[in-house]
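Step one of this worksheet: look at the structure below.
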Amino acid sequence: PGQKITLLANHTWADLAIHLPYWDHVIPINIYKFETNIFYRSKTTANLRKNNYKKLIHPTFSRDYLVSDSIVHMINAEIKIGFDGDCSNISKDEKRVSDNWYDDLIMSEDGLMMELNRNADFLRSLGHENFKSSIPDISHILHEVINPLEQVEDYFVIFPFASWFGKEWPIDSFVSLIAKLSEKYSMTCVLCGGPNDVGFAQKIVSKSTVRIINYTGKTNLM
């Protein structure tokens, strides 16, 4: 109560975070550009260093050196708290260096753990001793969303894209799947994805013989 909270958000989900009531200010950061574009990195760093914070909390278990830990290092804060974490995204030498950028590192058991339970560990270590994890409920903000498909009677949604081409299923496989689902359930297919996925989506549409509503690149996360 009485404190201002700023959230640093990955730009891919920042538009959702802006609608949530838990913080006063959201700063989106393009992670890819921060890693690869020196001008974007310098500008972002300069903007982040303009503010002074009482406390910085970095709740990511598998920290990385070039982005999140570097941002923690750059920001002016009286106290910096993070997870001790593992070396999934960081080398032992890098971690040894960036550990020194924190005032307090919270321990959690090694090995695989559901993210909700890992976050609960973090919150209990911050002083919420009886905190238990649960599935987040954001239904209270969904009334703000205008559904462009409200007039479409029955539809199914496919996000056929991946962050790396090696993870992507072949276009012909999606075309076949869409045809089978459309025929079996008498539903319309809706394609969704980000701006970078438009070309992939157009190839699926051009090869398909059933009706597809293509919203790729036309929507945000909300």
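Ligands are numbered from 1 in the order shown, chains are lettered A, B, ... in the order of the structure tokens, and residues start at 1 in each chain.
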
Near A:Asp69, counting only C-alpha atoms, which residues have an atom at most 10 Å away, once you skip same-chain residues fewer than 3 positions from it, shown as a short mmCIF file (atom, residue, chain, number, x, y, z; two decimals) with C-alpha atoms, in the first residue's frame?
```cif
data_model
loop_
_atom_site.label_atom_id
_atom_site.label_comp_id
_atom_site.auth_asym_id
_atom_site.auth_seq_id
_atom_site.Cartn_x
_atom_site.Cartn_y
_atom_site.Cartn_z
CA HIS A 58 13.62 -10.68 -10.29
CA THR A 60 12.96 -15.93 -12.81
CA ARG A 63 18.33 -16.52 -15.07
CA ASP A 64 20.28 -15.44 -18.15
CA TYR A 65 23.33 -13.20 -18.24
CA LEU A 66 22.90 -11.05 -21.36
CA VAL A 72 19.18 -6.05 -13.00
CA HIS A 73 22.77 -4.79 -12.98
CA MET A 74 21.85 -1.61 -14.86
CA GLY A 82 16.48 -12.80 -7.20
CA ILE A 90 23.74 -19.19 -17.90
CA GLU A 94 28.61 -15.86 -15.76
CA LYS A 95 26.47 -16.82 -12.78
CA VAL A 97 29.72 -12.77 -11.71
CA SER A 98 26.04 -11.85 -11.79
CA ASP A 99 25.32 -13.36 -8.36
CA TRP A 101 24.69 -7.99 -8.56
CA TYR A 102 22.03 -9.13 -6.06
#
```

Which polymer residues have any atom within 12 Å of an atom of A:Ile138, counting only C-alpha atoms, with same-chain residues fewer than 5 positions away left out, as a ChimeraX atom specification?
/A:16-17,19-22,143-145,222

As JSON, numbers by chain, please: every residue in stretch 71-220 of chain A that a backbone DSSP assignment puts in alpha helix (DSSP H).
{"A": [71, 72, 73, 74, 92, 93, 94, 95, 96, 97, 98, 115, 116, 117, 118, 119, 120, 121, 122, 123, 124, 125, 171, 172, 173, 174, 175, 176, 177, 178, 179, 180, 181, 182, 183, 184, 185, 198, 199, 200, 201, 202, 203, 204, 205, 206, 207]}

Please save C-alpha atoms of the selected residues as an mmCIF file, in the first residue's frame.
```cif
data_model
loop_
_atom_site.group_PDB
_atom_site.id
_atom_site.type_symbol
_atom_site.label_atom_id
_atom_site.label_comp_id
_atom_site.auth_asym_id
_atom_site.auth_seq_id
_atom_site.Cartn_x
_atom_site.Cartn_y
_atom_site.Cartn_z
ATOM 1 C CA ILE A 71 19.054 -5.390 -16.744
ATOM 2 C CA VAL A 72 19.176 -6.054 -12.996
ATOM 3 C CA HIS A 73 22.768 -4.789 -12.975
ATOM 4 C CA MET A 74 21.846 -1.608 -14.860
ATOM 5 C CA LYS A 92 28.800 -21.117 -14.128
ATOM 6 C CA ASP A 93 31.315 -18.309 -14.704
ATOM 7 C CA GLU A 94 28.607 -15.855 -15.760
ATOM 8 C CA LYS A 95 26.467 -16.818 -12.776
ATOM 9 C CA ARG A 96 29.413 -16.345 -10.431
ATOM 10 C CA VAL A 97 29.724 -12.772 -11.711
ATOM 11 C CA SER A 98 26.037 -11.845 -11.790
ATOM 12 C CA GLU A 115 6.411 -22.955 -12.570
ATOM 13 C CA LEU A 116 3.477 -22.102 -10.273
ATOM 14 C CA ASN A 117 5.082 -24.083 -7.438
ATOM 15 C CA ARG A 118 8.461 -22.479 -8.115
ATOM 16 C CA ASN A 119 6.845 -19.041 -7.884
ATOM 17 C CA ALA A 120 5.154 -20.050 -4.636
ATOM 18 C CA ASP A 121 8.582 -20.970 -3.241
ATOM 19 C CA PHE A 122 9.790 -17.506 -4.138
ATOM 20 C CA LEU A 123 6.843 -15.737 -2.497
ATOM 21 C CA ARG A 124 7.125 -17.761 0.708
ATOM 22 C CA SER A 125 10.803 -16.782 0.899
ATOM 23 C CA ILE A 171 2.558 -26.688 -43.718
ATOM 24 C CA ASP A 172 0.967 -29.704 -45.471
ATOM 25 C CA SER A 173 0.388 -31.343 -42.075
ATOM 26 C CA PHE A 174 -1.558 -28.310 -40.865
ATOM 27 C CA VAL A 175 -3.535 -28.193 -44.102
ATOM 28 C CA SER A 176 -4.480 -31.857 -43.628
ATOM 29 C CA LEU A 177 -5.365 -31.391 -39.947
ATOM 30 C CA ILE A 178 -7.526 -28.337 -40.655
ATOM 31 C CA ALA A 179 -9.419 -30.198 -43.376
ATOM 32 C CA LYS A 180 -10.109 -33.182 -41.106
ATOM 33 C CA LEU A 181 -11.243 -31.048 -38.139
ATOM 34 C CA SER A 182 -13.451 -28.877 -40.347
ATOM 35 C CA GLU A 183 -15.129 -31.916 -41.901
ATOM 36 C CA LYS A 184 -15.534 -33.921 -38.694
ATOM 37 C CA TYR A 185 -16.939 -31.117 -36.521
ATOM 38 C CA VAL A 198 1.876 -13.815 -41.633
ATOM 39 C CA GLY A 199 3.759 -15.475 -44.520
ATOM 40 C CA PHE A 200 3.460 -18.954 -42.993
ATOM 41 C CA ALA A 201 -0.271 -18.449 -42.437
ATOM 42 C CA GLN A 202 -0.850 -17.296 -46.026
ATOM 43 C CA LYS A 203 0.753 -20.499 -47.318
ATOM 44 C CA ILE A 204 -1.627 -22.575 -45.172
ATOM 45 C CA VAL A 205 -4.628 -20.605 -46.448
ATOM 46 C CA SER A 206 -3.570 -20.858 -50.094
ATOM 47 C CA LYS A 207 -3.187 -24.655 -49.872
#
```

List every residue of stretch 70-212 of chain A that DSSP, applied to the backbone of this structure, places in strand (DSSP E or B), and write the result as a PyMOL selection string.
chain A and resi 76-83+104-106+155-158+188-191+212

With C-alpha atoms retained, could you export that selection as a short mmCIF file (atom, residue, chain, number, x, y, z; two decimals), in the first residue's frame?
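This is the output file part-v9.cif:
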```cif
data_model
loop_
_atom_site.label_atom_id
_atom_site.label_comp_id
_atom_site.auth_asym_id
_atom_site.auth_seq_id
_atom_site.Cartn_x
_atom_site.Cartn_y
_atom_site.Cartn_z
CA ASN A 76 19.33 1.67 -9.77
CA ALA A 77 17.73 0.01 -6.73
CA GLU A 78 18.53 0.01 -3.01
CA ILE A 79 17.84 -3.74 -2.69
CA LYS A 80 17.96 -6.39 -5.43
CA ILE A 81 16.41 -9.82 -4.85
CA GLY A 82 16.48 -12.80 -7.20
CA PHE A 83 16.46 -16.58 -7.42
CA ASP A 104 19.71 -11.52 -1.69
CA LEU A 105 19.41 -14.76 -3.66
CA ILE A 106 16.51 -17.06 -2.79
CA TYR A 155 -14.93 -22.37 -34.82
CA PHE A 156 -11.64 -23.81 -33.64
CA VAL A 157 -8.40 -21.83 -33.30
CA ILE A 158 -4.96 -22.96 -34.43
CA THR A 188 -14.57 -22.97 -39.24
CA CYS A 189 -10.82 -22.79 -38.73
CA VAL A 190 -9.32 -19.59 -37.33
CA LEU A 191 -5.59 -19.00 -37.67
CA ILE A 212 -10.26 -20.34 -42.93
#
```

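Taking atom CA of A:Val26 as the reference point, atom CA of A:Pro1 is found at 18.1 Å.
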
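The shortest atom-to-atom distance to A:Ile141, with only C-alpha atoms taken into account, belongs to A:Ile18 out of A:Ile18, A:Cys192, A:Asp110, A:Ser91.
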